>>> print(open('final-v2.cif').read())   # mmCIF, C-alpha atoms
data_target
loop_
_atom_site.label_atom_id
_atom_site.label_comp_id
_atom_site.auth_asym_id
_atom_site.auth_seq_id
_atom_site.Cartn_x
_atom_site.Cartn_y
_atom_site.Cartn_z
CA MET A 197 87.66 121.43 109.93
CA THR A 198 84.49 119.38 109.54
CA SER A 199 83.29 117.00 112.24
CA THR A 200 84.00 114.09 109.90
CA ALA A 201 87.59 115.24 109.43
CA THR A 202 87.97 115.71 113.19
CA GLU A 203 86.69 112.19 113.86
CA GLN A 204 89.06 110.83 111.20
CA LEU A 205 92.08 112.53 112.78
CA SER A 206 91.13 111.27 116.23
CA THR A 207 91.34 107.68 115.04
CA THR A 208 94.71 108.03 113.29
CA THR A 209 97.98 107.22 115.01
CA LEU A 210 100.65 109.76 115.90
CA LEU A 211 104.24 109.48 114.69
CA ARG A 212 106.99 111.61 116.17
CA PHE A 213 110.01 111.80 113.87
CA ALA A 214 113.17 113.85 113.51
CA THR A 215 115.32 114.83 110.55
CA ALA A 216 119.12 115.00 110.66
CA GLY A 217 121.99 115.30 108.24
CA SER A 218 125.09 117.27 107.36
CA VAL A 219 125.04 120.92 106.43
CA ASP A 220 123.45 121.58 103.01
CA ASP A 221 122.18 118.02 102.65
CA GLY A 222 118.69 119.45 102.20
CA LYS A 223 116.90 118.72 105.48
CA SER A 224 114.82 121.88 105.52
CA THR A 225 114.04 121.51 101.83
CA LEU A 226 112.84 117.95 102.43
CA VAL A 227 110.62 119.08 105.29
CA GLY A 228 109.28 121.95 103.20
CA ARG A 229 108.57 119.54 100.34
CA LEU A 230 106.75 117.17 102.70
CA LEU A 231 104.59 120.00 104.03
CA HIS A 232 103.98 121.50 100.59
CA ASP A 233 103.19 118.33 98.66
CA SER A 234 101.01 116.90 101.44
CA LYS A 235 98.93 120.11 101.34
CA SER A 236 99.93 120.98 104.92
CA VAL A 237 101.01 124.57 104.23
CA LEU A 238 98.64 127.48 104.79
CA GLU A 239 98.15 129.76 101.80
CA ASP A 240 99.57 132.82 103.53
CA GLN A 241 102.68 130.85 104.56
CA LEU A 242 103.28 129.78 100.97
CA GLU A 243 102.73 133.33 99.71
CA ALA A 244 105.32 134.63 102.18
CA VAL A 245 107.85 132.00 101.05
CA GLU A 246 107.21 132.83 97.41
CA ARG A 247 107.65 136.54 98.11
CA VAL A 248 110.97 136.11 99.95
CA SER A 249 112.22 133.70 97.28
CA ALA A 250 111.33 136.16 94.51
CA ASP A 251 113.12 138.97 96.37
CA ARG A 252 116.23 136.78 96.34
CA GLY A 253 115.92 136.29 92.59
CA GLN A 254 114.94 132.62 92.82
CA ASP A 255 112.66 131.20 90.15
CA ALA A 256 110.92 128.70 92.43
CA PRO A 257 109.83 128.95 96.08
CA ASP A 258 112.60 128.03 98.54
CA LEU A 259 110.69 125.45 100.56
CA ALA A 260 113.41 125.42 103.23
CA LEU A 261 111.98 128.76 104.42
CA LEU A 262 108.92 126.88 105.70
CA THR A 263 111.03 125.47 108.54
CA ASP A 264 113.99 127.81 109.01
CA GLY A 265 112.14 130.35 111.12
CA LEU A 266 114.96 132.18 112.92
CA ARG A 267 116.35 135.26 111.22
CA ALA A 268 119.91 133.93 111.57
CA GLU A 269 118.79 130.68 109.90
CA ARG A 270 117.29 132.51 106.95
CA GLU A 271 120.27 134.84 106.56
CA GLN A 272 122.90 132.08 106.76
CA GLY A 273 120.88 129.41 104.96
CA ILE A 274 121.41 126.91 107.81
CA THR A 275 119.32 125.32 110.53
CA ILE A 276 120.35 126.34 114.05
CA ASP A 277 117.54 125.45 116.41
CA VAL A 278 115.12 122.52 116.47
CA ALA A 279 112.02 123.48 114.48
CA TYR A 280 108.88 121.53 115.39
CA ARG A 281 106.15 121.17 112.81
CA TYR A 282 102.74 119.54 113.12
CA PHE A 283 100.90 118.13 110.12
CA ALA A 284 98.53 115.35 109.25
CA THR A 285 97.36 113.19 106.38
CA ALA A 286 94.29 110.99 106.20
CA ARG A 287 96.34 108.08 107.50
CA ARG A 288 98.42 109.55 110.33
CA ARG A 289 99.26 112.62 112.40
CA PHE A 290 102.88 113.79 112.65
CA ILE A 291 105.09 115.81 114.98
CA LEU A 292 108.31 116.61 113.15
CA ALA A 293 111.55 117.90 114.66
CA ASP A 294 113.83 119.45 112.03
CA THR A 295 117.27 119.36 113.70
CA PRO A 296 120.52 121.14 112.75
CA GLY A 297 123.38 119.52 110.87
CA HIS A 298 126.39 121.35 112.28
CA VAL A 299 128.66 119.49 114.69
CA GLN A 300 128.27 122.26 117.28
CA TYR A 301 124.51 121.66 117.32
CA THR A 302 124.68 117.95 118.16
CA ARG A 303 122.89 118.76 121.43
CA ASN A 304 119.96 120.12 119.40
CA MET A 305 119.67 116.83 117.54
CA VAL A 306 119.61 114.99 120.86
CA THR A 307 116.73 117.23 121.95
CA GLY A 308 114.77 116.61 118.77
CA ALA A 309 115.39 112.86 118.59
CA SER A 310 114.88 112.09 122.28
CA THR A 311 111.13 111.56 121.83
CA ALA A 312 111.19 110.39 118.20
CA GLU A 313 110.08 106.96 117.04
CA LEU A 314 111.77 107.50 113.68
CA ALA A 315 114.77 109.48 112.43
CA VAL A 316 115.29 110.56 108.83
CA VAL A 317 119.03 110.87 108.15
CA LEU A 318 119.82 112.75 104.94
CA VAL A 319 122.88 112.15 102.81
CA ASP A 320 124.00 114.16 99.79
CA ALA A 321 124.31 111.62 96.97
CA ARG A 322 127.42 113.44 95.71
CA ASN A 323 129.24 113.14 99.05
CA GLY A 324 127.99 109.83 100.42
CA VAL A 325 128.34 108.86 104.07
CA VAL A 326 130.44 111.47 105.89
CA GLU A 327 131.51 111.88 109.52
CA GLN A 328 128.37 113.81 110.45
CA THR A 329 126.23 111.03 108.93
CA ARG A 330 127.90 108.50 111.22
CA ARG A 331 127.50 110.89 114.14
CA HIS A 332 123.75 111.17 113.57
CA ALA A 333 123.40 107.41 113.19
CA ALA A 334 125.23 106.98 116.50
CA VAL A 335 123.01 109.50 118.28
CA ALA A 336 119.91 107.73 116.93
CA ALA A 337 121.27 104.43 118.25
CA LEU A 338 122.12 105.94 121.66
CA LEU A 339 118.61 107.36 121.98
CA ARG A 340 117.09 104.00 121.02
CA VAL A 341 115.18 105.42 118.02
CA PRO A 342 113.52 102.26 116.67
CA HIS A 343 113.28 103.25 112.99
CA VAL A 344 115.87 105.04 110.83
CA VAL A 345 115.29 106.20 107.26
CA LEU A 346 118.32 106.91 105.09
CA ALA A 347 117.20 109.53 102.57
CA VAL A 348 119.82 109.73 99.82
CA ASN A 349 119.10 113.26 98.57
CA LYS A 350 120.05 115.19 95.42
CA MET A 351 119.81 112.11 93.23
CA ASP A 352 119.10 114.51 90.35
CA LEU A 353 122.69 115.77 90.62
CA VAL A 354 124.14 112.28 90.09
CA GLY A 355 121.95 111.42 87.10
CA TYR A 356 119.59 109.28 89.22
CA GLU A 357 122.18 106.49 89.10
CA GLU A 358 121.12 103.33 90.95
CA SER A 359 124.74 102.32 91.61
CA VAL A 360 125.40 105.57 93.54
CA PHE A 361 122.37 104.98 95.75
CA ALA A 362 123.16 101.30 96.29
CA ALA A 363 126.73 101.98 97.44
CA ILE A 364 125.66 104.66 99.93
CA ALA A 365 122.79 102.52 101.25
CA GLU A 366 125.07 99.53 101.80
CA GLU A 367 127.72 101.56 103.64
CA PHE A 368 125.22 103.28 105.93
CA THR A 369 123.20 100.14 106.63
CA THR A 370 126.33 98.23 107.63
CA TYR A 371 127.43 100.99 110.00
CA ALA A 372 124.01 101.58 111.58
CA SER A 373 123.42 97.86 112.02
CA GLU A 374 126.70 97.57 113.95
CA LEU A 375 125.38 100.28 116.28
CA GLY A 376 122.29 98.21 116.96
CA VAL A 377 119.74 100.24 114.99
CA PRO A 378 116.90 97.72 114.62
CA GLU A 379 115.38 98.89 111.32
CA ILE A 380 116.92 100.86 108.45
CA THR A 381 115.07 101.88 105.28
CA ALA A 382 116.95 103.54 102.41
CA ILE A 383 115.06 105.79 99.96
CA PRO A 384 116.57 107.68 96.97
CA ILE A 385 115.07 111.18 96.71
CA SER A 386 115.40 114.66 95.31
CA ALA A 387 113.81 117.04 97.80
CA LEU A 388 114.22 119.97 95.41
CA ALA A 389 112.51 118.20 92.50
CA GLY A 390 110.08 116.22 94.64
CA ASP A 391 111.29 112.75 93.59
CA ASN A 392 110.10 110.03 96.01
CA VAL A 393 109.19 112.50 98.75
CA VAL A 394 105.40 112.46 98.45
CA GLU A 395 105.00 111.31 94.86
CA PRO A 396 106.90 108.38 93.24
CA SER A 397 109.72 109.43 90.95
CA ALA A 398 109.47 108.99 87.20
CA ASN A 399 113.25 109.25 87.01
CA MET A 400 114.09 106.20 89.14
CA ASP A 401 112.06 103.30 87.77
CA TRP A 402 114.68 100.95 89.24
CA TYR A 403 113.43 101.79 92.74
CA GLY A 404 110.35 99.88 93.85
CA GLY A 405 110.10 100.93 97.49
CA PRO A 406 107.90 103.49 99.23
CA THR A 407 108.16 107.27 99.06
CA VAL A 408 109.22 109.07 102.22
CA LEU A 409 105.64 110.04 103.10
CA GLU A 410 104.31 106.55 102.34
CA HIS A 411 106.88 105.03 104.68
CA LEU A 412 106.08 107.60 107.38
CA GLU A 413 102.39 106.78 107.05
CA THR A 414 102.82 103.01 107.25
CA VAL A 415 105.81 102.35 109.55
CA PRO A 416 104.64 100.50 112.69
CA VAL A 417 104.45 102.88 115.63
CA SER A 418 106.11 100.92 118.39
CA HIS A 419 105.69 103.29 121.34
CA ASP A 420 103.05 101.19 123.06
CA LEU A 421 103.58 102.45 126.59
CA THR A 422 100.98 100.05 127.93
CA ALA A 423 103.25 97.09 127.18
CA CYS A 424 105.84 98.29 129.71
CA PRO A 425 105.64 97.82 133.51
CA ALA A 426 103.42 100.47 135.10
CA ARG A 427 105.11 103.58 136.46
CA PHE A 428 103.25 106.46 138.11
CA PRO A 429 105.37 109.47 139.18
CA VAL A 430 103.39 111.48 141.75
CA GLN A 431 103.07 115.08 140.66
CA TYR A 432 100.66 116.50 143.22
CA VAL A 433 98.89 115.40 146.42
CA ILE A 434 95.19 116.35 146.48
CA ARG A 435 93.66 116.99 149.91
CA PRO A 436 90.52 119.13 149.46
CA GLN A 437 89.39 118.71 153.12
CA THR A 438 85.94 120.01 152.31
CA ALA A 439 82.61 119.09 153.85
CA GLU A 440 81.89 117.00 150.75
CA HIS A 441 85.30 115.28 150.77
CA PRO A 442 86.62 115.48 154.36
CA ASP A 443 88.97 112.49 154.11
CA TYR A 444 89.87 112.51 150.40
CA ARG A 445 93.57 111.92 149.69
CA GLY A 446 94.57 111.45 146.08
CA TYR A 447 97.85 111.32 144.21
CA ALA A 448 97.72 113.06 140.85
CA GLY A 449 100.05 112.60 137.91
CA GLN A 450 100.51 111.14 134.46
CA ILE A 451 101.00 107.42 134.01
CA ALA A 452 104.45 107.17 132.43
CA SER A 453 103.99 103.58 131.24
CA GLY A 454 101.89 100.48 131.70
CA VAL A 455 98.39 99.87 133.05
CA LEU A 456 97.03 100.38 136.58
CA ARG A 457 93.91 98.68 137.97
CA VAL A 458 91.76 99.10 141.06
CA GLY A 459 92.62 96.38 143.57
CA GLU A 460 96.21 96.06 142.37
CA ALA A 461 98.98 95.73 144.94
CA VAL A 462 101.51 98.55 144.58
CA THR A 463 104.78 99.73 146.10
CA VAL A 464 105.60 103.37 146.81
CA LEU A 465 109.21 104.27 146.07
CA PRO A 466 111.72 105.13 147.39
CA SER A 467 110.17 104.32 150.80
CA GLY A 468 109.19 100.78 149.77
CA ARG A 469 105.82 101.01 151.56
CA ALA A 470 103.12 98.69 150.22
CA SER A 471 99.45 99.36 149.59
CA VAL A 472 96.56 98.61 147.23
CA ILE A 473 94.90 100.88 144.66
CA GLU A 474 91.51 101.64 146.19
CA GLY A 475 90.29 103.96 143.43
CA ILE A 476 91.26 105.71 140.20
CA ASP A 477 89.74 109.06 139.26
CA ALA A 478 89.98 110.25 135.65
CA LEU A 479 88.30 113.37 134.30
CA GLY A 480 86.12 113.64 137.38
CA GLU A 481 84.86 110.06 137.25
CA SER A 482 85.89 106.85 138.98
CA VAL A 483 87.29 104.17 136.67
CA ASP A 484 88.52 100.63 137.21
CA ILE A 485 91.53 100.82 134.90
CA ALA A 486 93.86 103.47 133.49
CA TRP A 487 96.85 103.35 131.17
CA ALA A 488 99.71 105.48 129.84
CA PRO A 489 99.77 108.34 129.04
CA GLN A 490 96.55 109.18 130.88
CA SER A 491 96.57 111.78 133.67
CA VAL A 492 94.71 110.39 136.69
CA THR A 493 94.43 110.55 140.45
CA LEU A 494 95.13 107.40 142.45
CA ARG A 495 93.59 106.64 145.85
CA LEU A 496 95.33 104.06 148.02
CA ALA A 497 93.87 101.85 150.74
CA ASP A 498 96.52 102.86 153.29
CA ASP A 499 97.38 106.28 154.70
CA ILE A 500 101.02 106.53 153.58
CA ASP A 501 103.31 109.54 153.62
CA ILE A 502 103.55 110.23 149.87
CA SER A 503 104.68 113.46 148.21
CA ARG A 504 105.67 114.85 144.83
CA GLY A 505 108.55 112.87 143.36
CA ASP A 506 107.52 109.50 144.77
CA LEU A 507 106.88 106.68 142.30
CA ILE A 508 103.97 104.24 142.53
CA ALA A 509 104.50 100.92 140.74
CA PRO A 510 102.97 97.42 140.82
CA ALA A 511 104.49 95.40 143.63
CA ALA A 512 105.29 92.56 141.22
CA SER A 513 107.33 94.74 138.84
CA ALA A 514 108.64 97.64 140.91
CA PRO A 515 112.06 98.96 139.87
CA ALA A 516 115.05 98.74 142.21
CA THR A 517 116.18 101.95 143.89
CA THR A 518 119.75 103.18 143.77
CA GLN A 519 121.92 106.11 144.73
CA ASP A 520 124.63 105.21 142.21
CA VAL A 521 123.60 106.12 138.68
CA GLU A 522 125.70 105.00 135.72
CA ALA A 523 124.59 106.57 132.48
CA THR A 524 125.39 108.02 129.10
CA VAL A 525 124.89 111.78 128.94
CA CYS A 526 124.90 114.40 126.23
CA HIS A 527 126.30 117.64 127.62
CA VAL A 528 124.13 120.54 126.47
CA ALA A 529 125.45 123.52 128.46
CA ASP A 530 128.24 125.90 127.48
CA GLN A 531 129.89 125.43 130.89
CA PRO A 532 131.76 122.12 131.27
CA LEU A 533 130.68 119.20 133.44
CA THR A 534 133.57 118.12 135.67
CA VAL A 535 134.34 115.32 138.09
CA GLY A 536 133.28 116.40 141.56
CA ALA A 537 130.63 118.81 140.30
CA ARG A 538 127.59 119.29 142.53
CA VAL A 539 124.40 119.05 140.49
CA LEU A 540 120.70 118.44 140.78
CA LEU A 541 119.35 115.31 139.13
CA LYS A 542 115.76 115.54 137.86
CA HIS A 543 114.07 112.20 137.17
CA THR A 544 110.35 112.33 136.27
CA THR A 545 108.83 114.50 139.03
CA ARG A 546 111.69 113.97 141.52
CA THR A 547 114.69 116.29 141.90
CA VAL A 548 117.57 115.35 144.21
CA LYS A 549 121.07 116.62 145.00
CA ALA A 550 123.92 114.67 143.41
CA ILE A 551 127.66 114.64 142.82
CA VAL A 552 129.43 113.65 139.61
CA LYS A 553 131.74 110.94 140.97
CA ASP A 554 133.44 109.96 137.72
CA ILE A 555 133.47 110.58 133.99
CA PRO A 556 134.94 107.25 132.80
CA SER A 557 134.98 108.04 129.10
CA LYS A 558 134.01 110.40 126.31
CA LEU A 559 132.63 108.98 123.08
CA THR A 560 134.11 109.97 119.74
CA LEU A 561 131.06 109.58 117.51
CA ASP A 562 133.06 109.69 114.27
CA ASP A 563 134.55 106.24 114.84
CA LEU A 564 132.89 105.20 118.15
CA SER A 565 136.26 105.16 119.92
CA GLN A 566 136.44 105.86 123.66
CA HIS A 567 138.57 108.62 125.14
CA PRO A 568 139.21 107.38 128.70
CA SER A 569 139.01 109.62 131.79
CA PRO A 570 138.52 112.96 130.01
CA GLY A 571 137.95 114.69 133.36
CA ARG A 572 135.18 116.84 131.94
CA LEU A 573 132.57 117.09 129.21
CA VAL A 574 131.97 120.24 127.20
CA ALA A 575 129.04 121.32 125.03
CA ASN A 576 127.92 118.61 122.57
CA ASP A 577 130.14 115.94 124.15
CA ILE A 578 128.61 112.51 124.80
CA GLY A 579 130.16 110.43 127.54
CA ARG A 580 129.69 108.01 130.40
CA VAL A 581 129.18 109.40 133.91
CA VAL A 582 128.81 107.98 137.39
CA VAL A 583 126.60 110.06 139.66
CA ARG A 584 125.95 109.61 143.38
CA THR A 585 122.59 110.94 144.57
CA ALA A 586 121.65 112.17 148.04
CA GLU A 587 118.45 110.10 148.02
CA PRO A 588 117.49 106.81 146.36
CA LEU A 589 115.97 106.95 142.87
CA ALA A 590 113.69 104.42 141.17
CA LEU A 591 115.34 104.42 137.75
CA ASP A 592 114.67 102.01 134.92
CA ALA A 593 117.31 101.27 132.30
CA TYR A 594 116.88 103.60 129.32
CA ALA A 595 116.91 100.54 127.05
CA ASP A 596 113.74 99.36 128.83
CA SER A 597 111.97 102.71 129.17
CA ARG A 598 112.91 105.96 127.49
CA ARG A 599 110.56 107.82 129.85
CA THR A 600 111.64 106.50 133.26
CA GLY A 601 115.22 105.74 132.20
CA SER A 602 116.05 109.34 131.29
CA PHE A 603 117.01 112.27 133.51
CA LEU A 604 118.49 115.76 133.51
CA LEU A 605 121.51 117.12 135.34
CA ILE A 606 120.91 120.72 136.44
CA ASP A 607 123.14 123.48 137.79
CA PRO A 608 121.89 124.10 141.37
CA ALA A 609 123.10 127.71 141.25
CA ASP A 610 120.96 128.99 138.38
CA GLY A 611 118.78 126.10 137.17
CA THR A 612 120.62 125.69 133.86
CA THR A 613 120.25 122.26 132.26
CA LEU A 614 123.75 120.77 132.04
CA ALA A 615 123.20 117.34 130.49
CA ALA A 616 120.55 114.90 129.33
CA GLY A 617 121.13 111.40 130.67
CA MET A 618 120.20 107.84 129.71
CA ALA A 619 120.55 105.38 132.58
CA GLY A 620 122.19 102.00 132.15
CA GLU A 621 124.24 100.55 129.34
CA SER A 622 124.66 101.89 125.82
CA PHE A 623 127.12 100.89 123.14
CA ALA A 624 129.60 103.04 125.06
CA SER A 625 131.87 100.72 127.03
CA LYS A 626 131.43 100.55 130.76
CA ALA A 627 134.37 101.75 132.82
CA GLY A 628 135.15 101.64 136.51
CA THR A 629 134.29 104.41 138.93
CA ALA A 630 136.65 106.68 140.83
CA GLU A 631 136.04 107.91 144.34
CA VAL A 632 135.94 111.67 144.76
CA GLN A 633 136.01 113.25 148.20
CA ASP A 634 133.82 116.29 148.75
CA ASP A 635 134.53 118.64 151.63
CA GLU A 636 131.50 120.92 151.47
CA GLY A 637 128.75 118.73 152.85
CA TRP A 638 127.75 117.03 149.59
CA ALA A 639 129.37 113.67 150.29
CA PHE A 640 126.74 110.98 149.84
#
>>> encode(input="final-v2.cif", output="structure tokens")
Amino acid sequence: MTSTATEQLSTTTLLRFATAGSVDDGKSTLVGRLLHDSKSVLEDQLEAVERVSADRGQDAPDLALLTDGLRAEREQGITIDVAYRYFATARRRFILADTPGHVQYTRNMVTGASTAELAVVLVDARNGVVEQTRRHAAVAALLRVPHVVLAVNKMDLVGYEESVFAAIAEEFTTYASELGVPEITAIPISALAGDNVVEPSANMDWYGGPTVLEHLETVPVSHDLTACPARFPVQYVIRPQTAEHPDYRGYAGQIASGVLRVGEAVTVLPSGRASVIEGIDALGESVDIAWAPQSVTLRLADDIDISRGDLIAPAASAPATTQDVEATVCHVADQPLTVGARVLLKHTTRTVKAIVKDIPSKLTLDDLSQHPSPGRLVANDIGRVVVRTAEPLALDAYADSRRTGSFLLIDPADGTTLAAGMAGESFASKAGTAEVQDDEGWAF
């Protein structure tokens, strides 16, 4: 890559987006078409796809093979795991998560969409909006994905009829809007033929909107972390105690959100101790200001007992601490999550013991109905939980901060991740909590 090209990429913005859709809606083909037509495929990759496609007796390269990397995916013709792809155009850099369409892989979509600013939901024009389409729209809404693209695929198989596209777009837009999705863009495409993916379609002159790539390149990227209140989870305490730095004490980590300045009054949580930022070190130099997502070392004016897992925040906008966490979780483990379960809760750099006090409801994503008091959640279930922690946590609401409002529930026995959580309210209804007595020393 030339220095000019490198400089150009460094000035472009980054968009993280995920694809989702029902089985055989063409997600992997769409991704392959995006990579192929945007000249983001290496020559040897394309040659390998062409060779495998020819061995199968196919006349044209199967572009889905560019993303379906697992042997089981290639053999079954389905997407199983989340496939991440990195590509760039002159206007923007992209990190793409191609997520599975099967119901049993809902947890994989949650993984892929959890950091996405945009979700592309595919629909087969012949089938319209199906249960899995509504499920993916609901997951996107739960995860607060700010932009959703409805890609009505296989328009070539319905004669490129505008009426077919319009009906599907209206149904999906109405449903997603009720979920609270802030922006929905519908685009008619044929991933196999390349219509409206990278190049405008000559077969749909009735459509005057952007292609998929054009929309991806121009959609406003709204993940401005500096606009949120500052949050600094401490990852490591630096005490060199050398002749050159005998009294140096710094707190290293990555700024999760917001801006920090020298001289700013801060609060250390959960202790609540107050201090002032005396210095900020970044890349070996002292600076007066730092912002998310920079990795820096903070020096405070006061000698306070601070360790990994503590949170430093501006005194004027510090979050409240709590030991009672109400949240929506997606259960990702094969073993169930039950009321009374002892777990570890990992929030930013802090991990504490906790007990699942209640599971008020389980969400049925097909129709957004609530199944009250299910008693447990199994793999791919999404439900409300109430968790009591052994120590106070400085949690933000997920609606306010996807970074400091999210957490993991972990099995203390083997370290398995049980569930991914989003603190605070969602469109799932809030239910009351139930007291659970624990007789093995984990009663908080």
>>> atom_distance(input="final-v2.cif", atom1="CA of Leu533 (chain A)", atom2="CA of Ser218 (chain A)")
26.7 Å
>>> resolve_selection(input="final-v2.cif", expression="the PyMOL selection byres ((chain A and resi 408-419) around 10)", output="PyMOL selection string")
chain A and resi 208-213+226+230+233-234+284-290+311-314+316+342-343+345-347+381-385+391-396+405-407+420-424+598
>>> resolve_selection(input="final-v2.cif", expression="the PyMOL selection byres ((chain A and resi 327) around 9)", output="VMD selection string")
chain A and resid 218 325 to 326 328 to 332 561 to 563
>>> write_last_selection(input="final-v2.cif", atoms="C-alpha atoms", output="short mmCIF file (atom, residue, chain, number, x, y, z; two decimals), in the coordinates of the input")
data_model
loop_
_atom_site.label_atom_id
_atom_site.label_comp_id
_atom_site.auth_asym_id
_atom_site.auth_seq_id
_atom_site.Cartn_x
_atom_site.Cartn_y
_atom_site.Cartn_z
CA SER A 218 125.09 117.27 107.36
CA VAL A 325 128.34 108.86 104.07
CA VAL A 326 130.44 111.47 105.89
CA GLN A 328 128.37 113.81 110.45
CA THR A 329 126.23 111.03 108.93
CA ARG A 330 127.90 108.50 111.22
CA ARG A 331 127.50 110.89 114.14
CA HIS A 332 123.75 111.17 113.57
CA LEU A 561 131.06 109.58 117.51
CA ASP A 562 133.06 109.69 114.27
CA ASP A 563 134.55 106.24 114.84
#
>>> resolve_selection(input="final-v2.cif", expression="the PyMOL selection byres ((chain A and resi 605) around 12)", output="PyMOL selection string")
chain A and resi 521+523-529+533+537-543+547-552+581-585+602-604+606-608+611-618
>>> residues_around(input="final-v2.cif", residues="Leu318 (chain A)", least_positions_apart="4", cutoff="7 Å", atoms="all atoms listed in the file", output="list of chain:residue names")
A:Ala216, A:Gly217, A:Asp221, A:Lys223, A:Leu346, A:Ala347, A:Val348, A:Asn349
>>> residues_around(input="final-v2.cif", residues="Ser373 (chain A)", least_positions_apart="5", cutoff="10 Å", atoms="all atoms listed in the file", output="list in words")
Ala333, Ala337, Phe368, Pro378, Glu379 and Ile380 of chain A
>>> closest_residue(input="final-v2.cif", among="A:Arg340, A:Arg229, A:Arg252, A:Arg247", to="Asp596 (chain A)", atoms="all atoms listed in the file")
A:Arg340
>>> residues_around(input="final-v2.cif", residues="Leu589 (chain A)", least_positions_apart="6", cutoff="7 Å", atoms="only C-alpha atoms", output="ChimeraX atom specification")
/A:466,517-519
>>> closest_atom_pairs(input="final-v2.cif", of="region 394-443 of chain A", to="region 351-355 of chain A", cutoff="12 Å", atoms="all atoms listed in the file", output="tab-separated table")
residue	atom	partner	partner_atom	distance
A:Ser397	CA	A:Asp352	CA	10.7
A:Ala398	CA	A:Asp352	CA	11.5
A:Asn399	CA	A:Asp352	CA	8.5
A:Met400	CA	A:Met351	CA	9.2
>>> residues_around(input="final-v2.cif", residues="region 504-515 of chain A", least_positions_apart="2", cutoff="6 Å", atoms="all atoms listed in the file", output="number ranges by chain")
A: 426-432, 461-465, 545-546, 590
>>> atom_distance(input="final-v2.cif", atom1="CA of Gly376 (chain A)", atom2="CA of Ile364 (chain A)")
18.5 Å
>>> residues_near_point(input="final-v2.cif", point="(113.7, 119.8, 115.7)", cutoff="8 Å", atoms="all atoms listed in the file", output="short mmCIF file (atom, residue, chain, number, x, y, z; two decimals) with C-alpha atoms, keeping the file's coordinate frame")
data_model
loop_
_atom_site.label_atom_id
_atom_site.label_comp_id
_atom_site.auth_asym_id
_atom_site.auth_seq_id
_atom_site.Cartn_x
_atom_site.Cartn_y
_atom_site.Cartn_z
CA ALA A 214 113.17 113.85 113.51
CA THR A 215 115.32 114.83 110.55
CA ASP A 277 117.54 125.45 116.41
CA VAL A 278 115.12 122.52 116.47
CA ALA A 279 112.02 123.48 114.48
CA TYR A 280 108.88 121.53 115.39
CA LEU A 292 108.31 116.61 113.15
CA ALA A 293 111.55 117.90 114.66
CA ASP A 294 113.83 119.45 112.03
CA THR A 295 117.27 119.36 113.70
CA PRO A 296 120.52 121.14 112.75
CA ASN A 304 119.96 120.12 119.40
CA MET A 305 119.67 116.83 117.54
CA THR A 307 116.73 117.23 121.95
CA GLY A 308 114.77 116.61 118.77
CA ALA A 309 115.39 112.86 118.59
#
>>> residues_around(input="final-v2.cif", residues="Asp477 (chain A)", least_positions_apart="6", cutoff="12 Å", atoms="all atoms listed in the file", output="list in words")
Ile434, Tyr444, Arg445, Gly446, Tyr447, Ala448, Gly449, Gln450, Leu456, Arg457, Val458, Val483, Asp484, Ile485, Ala486, Gln490, Ser491, Val492, Thr493, Leu494, Arg495 and Leu496 of chain A
>>> closest_residue(input="final-v2.cif", among="A:Val227, A:Thr600, A:Thr369, A:Phe283", to="Thr544 (chain A)", atoms="only C-alpha atoms")
A:Thr600
>>> atom_distance(input="final-v2.cif", atom1="CA of Gly404 (chain A)", atom2="CA of Ile291 (chain A)")
27.0 Å
>>> closest_residue(input="final-v2.cif", among="A:Ile578, A:Ala516, A:Ala586, A:Val341", to="Thr302 (chain A)", atoms="all atoms listed in the file")
A:Ile578
>>> closest_residue(input="final-v2.cif", among="A:His567, A:Pro588, A:Gly536, A:Leu375", to="Gly468 (chain A)", atoms="all atoms listed in the file")
A:Pro588
>>> closest_residue(input="final-v2.cif", among="A:Pro532, A:Gly390, A:Gly620, A:Pro489", to="Leu591 (chain A)", atoms="all atoms listed in the file")
A:Gly620
>>> closest_residue(input="final-v2.cif", among="A:Gln566, A:Thr534, A:Thr370, A:Ser453", to="Asp554 (chain A)", atoms="only C-alpha atoms")
A:Thr534
>>> decode(input="final-v2.cif", residues="region 530-550 of chain A", atoms="C-alpha atoms", output="tab-separated table (two decimals), in the first residue's frame")
chain	number	residue	atom	x	y	z
A	530	ASP	CA	-25.50	-24.76	26.66
A	531	GLN	CA	-26.09	-25.15	30.41
A	532	PRO	CA	-29.19	-23.31	31.70
A	533	LEU	CA	-29.17	-20.22	33.88
A	534	THR	CA	-31.42	-20.77	36.90
A	535	VAL	CA	-32.78	-18.74	39.79
A	536	GLY	CA	-30.36	-19.02	42.70
A	537	ALA	CA	-27.35	-19.70	40.49
A	538	ARG	CA	-24.00	-18.45	41.77
A	539	VAL	CA	-22.13	-16.61	39.03
A	540	LEU	CA	-19.36	-14.14	38.43
A	541	LEU	CA	-20.34	-10.80	36.93
A	542	LYS	CA	-17.68	-9.14	34.76
A	543	HIS	CA	-18.22	-5.43	34.10
A	544	THR	CA	-15.41	-3.60	32.26
A	545	THR	CA	-12.27	-4.57	34.23
A	546	ARG	CA	-14.13	-5.57	37.41
A	547	THR	CA	-15.27	-9.12	38.24
A	548	VAL	CA	-17.41	-9.79	41.33
A	549	LYS	CA	-19.37	-12.68	42.81
A	550	ALA	CA	-23.14	-12.57	42.29
